[in-house]
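What follows is a set of notes on a single structure, which appears directly below.
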Amino acid sequence: MSSVRVLVGTKKGAFILTADGKRKDWKVSGPFFSGWEIYHLKGSPVDSNRLYASQSNSWFGQLIQRSEDGGASWAPVGNKFAYDGVPGTHQWYDGTPHPWEFKRVWHLEPSLTDADTVYAGIEDAALFKSTDGGANWHELSGLRGHGSGPHWQPGAGGMCLHTIILDPANAGRMYIAISAAGTFRTDDGGATWKPINKGLVSGSMPNPTAEVGHCVHHVTMHRTRPDVLFMQKHWDVMRSNDAGENWHEVSGNLPTDFGFAIDVHAHEPETLYVVPIKSDSEHFPLEGKLQVWRSRTGGNEWEPLTTGLPQQDCYVNVLRDAMSVDTLDECGIYFGTSGGQVYASSDAGDTWTPIVRDLPAVMSVEVQTLA
Amino acid sequence: MIRVVLPQHLRTLAGVGGEITLGLAAPITIRRVLDAIEANYPMLSGTIRDYATGRRRPFLRFFVCEEDWSHESLDTELPAQVADGREPLLIIGAIAGG
């Protein structure tokens, strides 16, 4: 019988939530790496027992942990993230040049084909790759070196490379997103990159349609249609039908199009989920009502999903990497909140249940569907 | 034997209980102690001093014989009490954060 493993990164450790395919009774394991910030953890699509975790804090810096047994035990691997060559500068908040400095790993993306290959998106924004299970890391420096790097600026949360998407149909193609530089694509395995932000409009920028500088919060793709991308930008939900060459807005009737998380149904490539957040200065749901909004039309037409979610006095946030889906026949949707709840729906969003309520603030949620 | 007291998180990471001890010949300096820590406990590499700069992480301090050595040169020779194991080198995490 299938089962589900939910990997939860929080401000004070990692937790692993497991259930059988019915997704009714959940076992909570953890905290792992107690007291540390776990920005992200994710399992290999090739070997579900191979997990990678990003562990960091302000005192002791960055560690990468690896598990070979589905999270029962962990061992630290390589944690040296050295920029390729002379790092140079990017822009600081005030527009002055600021040296590139490694701060932390925001996102780990294991290869679709090799359990020992994994990518890391870091702050200050750069992409690293390991081909030996995380023991050694090297920068794919063509990204920072493509020309616009000196003009990138941090968003409020730092200048982070937070999204890495591997194209399952094209081994050389990869997408990344940076706050606040925008989205970029490589078609040659990371050697060269191009910004893919045409159609994004960011009113807070001096040139709202500039090639780079957009605060992209998250991007997602359905594995069967790798040329179709969906984006939650700072404001605006966007869609591209041509691998990011052009974007158009699909916010439609959303009550607010600010937010962080966005994901796609495992079996319905036109079914999307977002969690609308009031604004960039008020990071909580509108009117204290936690709602997931679903579009079954690839955007523009959205419906609120509220059953089982708090509809009064709820002022949590849902961060960009804190939503995920399983691949069971009836697709499960999961998201975690800054209040420490992880909510799950085993019916594609129609109804929700908190599967754990009182964790530290949730930073990331990833789901593994196990045979 | 050189005695070193690590912050709790680093003790957990290294899998050690109390103090760690290191066999080092003179001259004993903080840099050589840190080199020995990282050689004996490679999982601690990068956690006490930054990889890129080699500098002490800003939320950590070094204390020796009740004195703050955080701003001393890493190559200054440590007192005899540390070199002969009567006193430990204390690596202390700042009381900060939430």
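Labeling convention for the structure tokens: chains A, B, ... as they appear, residues from 1 per chain, ligands from 1 in order of appearance.
Within 9 Å of chain B, and using only C-alpha atoms, the residues found on chain A are Phe33, Ser34, Gly35, Trp36, Ser58, Trp59, Phe60, Gly61, Gln62, Leu63, Ala75, Pro76, Val77, Gly78, Asn79, Lys80, Phe81, Ala82, Tyr83, Glu101 and Phe102 of chain A.
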Would you please give, as an MDAnalysis selection string, all residues of range 296-353 of chain A that DSSP assigns to strand (DSSP E or B) based on the backbone?
chainID A and resid 303:305 321 323:325 333:336 342:345 353
Any idea what's packed within 12 Å of Ser240 in chain A, counting only C-alpha atoms, ignoring anything in its chain fewer than 4 positions away? Could you give it as a ChimeraX atom specification?
/A:183,196-200,219-221,225-232,244-250,298-299
So the first atom is CA of Val216 in chain A and the second is CA of His138 in chain A; what is the distance between them in Å, to one decimal place?
24.7 Å
Among the residues of chain B, find those DSSP assigns to helix (DSSP H, G or I) from the backbone and print them as a PyMOL selection string.
chain B and resi 8-14+30-40+42-44+80-83
Got a sec: who's within 12 Å of Val86 in chain A, counting only C-alpha atoms, leaving out chain neighbours fewer than 6 positions off, as a ChimeraX atom specification?
/A:99-101,141,144-145 /B:52
When distances are computed from only C-alpha atoms, which of B:Leu74, B:Val64, B:Arg55, B:Ile37 shows the smallest separation from Arg11 in chain B?
B:Ile37
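Here CA of Arg185 in chain A stands at a distance of 10.1 Å from CA of Leu166 in chain A.
Nearest residue to Val362 in chain A among A:Asp321, A:Asp132, A:Asp69, A:Asp347 is A:Asp321, counting only C-alpha atoms.
Closest approach to Leu7 in chain A among A:Asp326, A:Glu123, A:Asp350, A:Asp313: A:Asp326, based on only C-alpha atoms.
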As an MDAnalysis selection string, please: the residues near Pro304 in chain A (cut-off 10 Å, only C-alpha atoms, same-chain neighbours under 5 positions excluded).
chainID A and resid 254:255 273:276 290:295 349:350
May I ask which of the residues A:Pro150, A:Gly9, A:Gly336, A:Gly88 is the closest one to Ala261 in chain A, counting only C-alpha atoms?
A:Gly336
Shell around range 108-122 of chain A at 6 Å using only C-alpha atoms, local window under 4 positions removed, as number ranges by chain
A: 44-46, 104, 126-133, 160-162
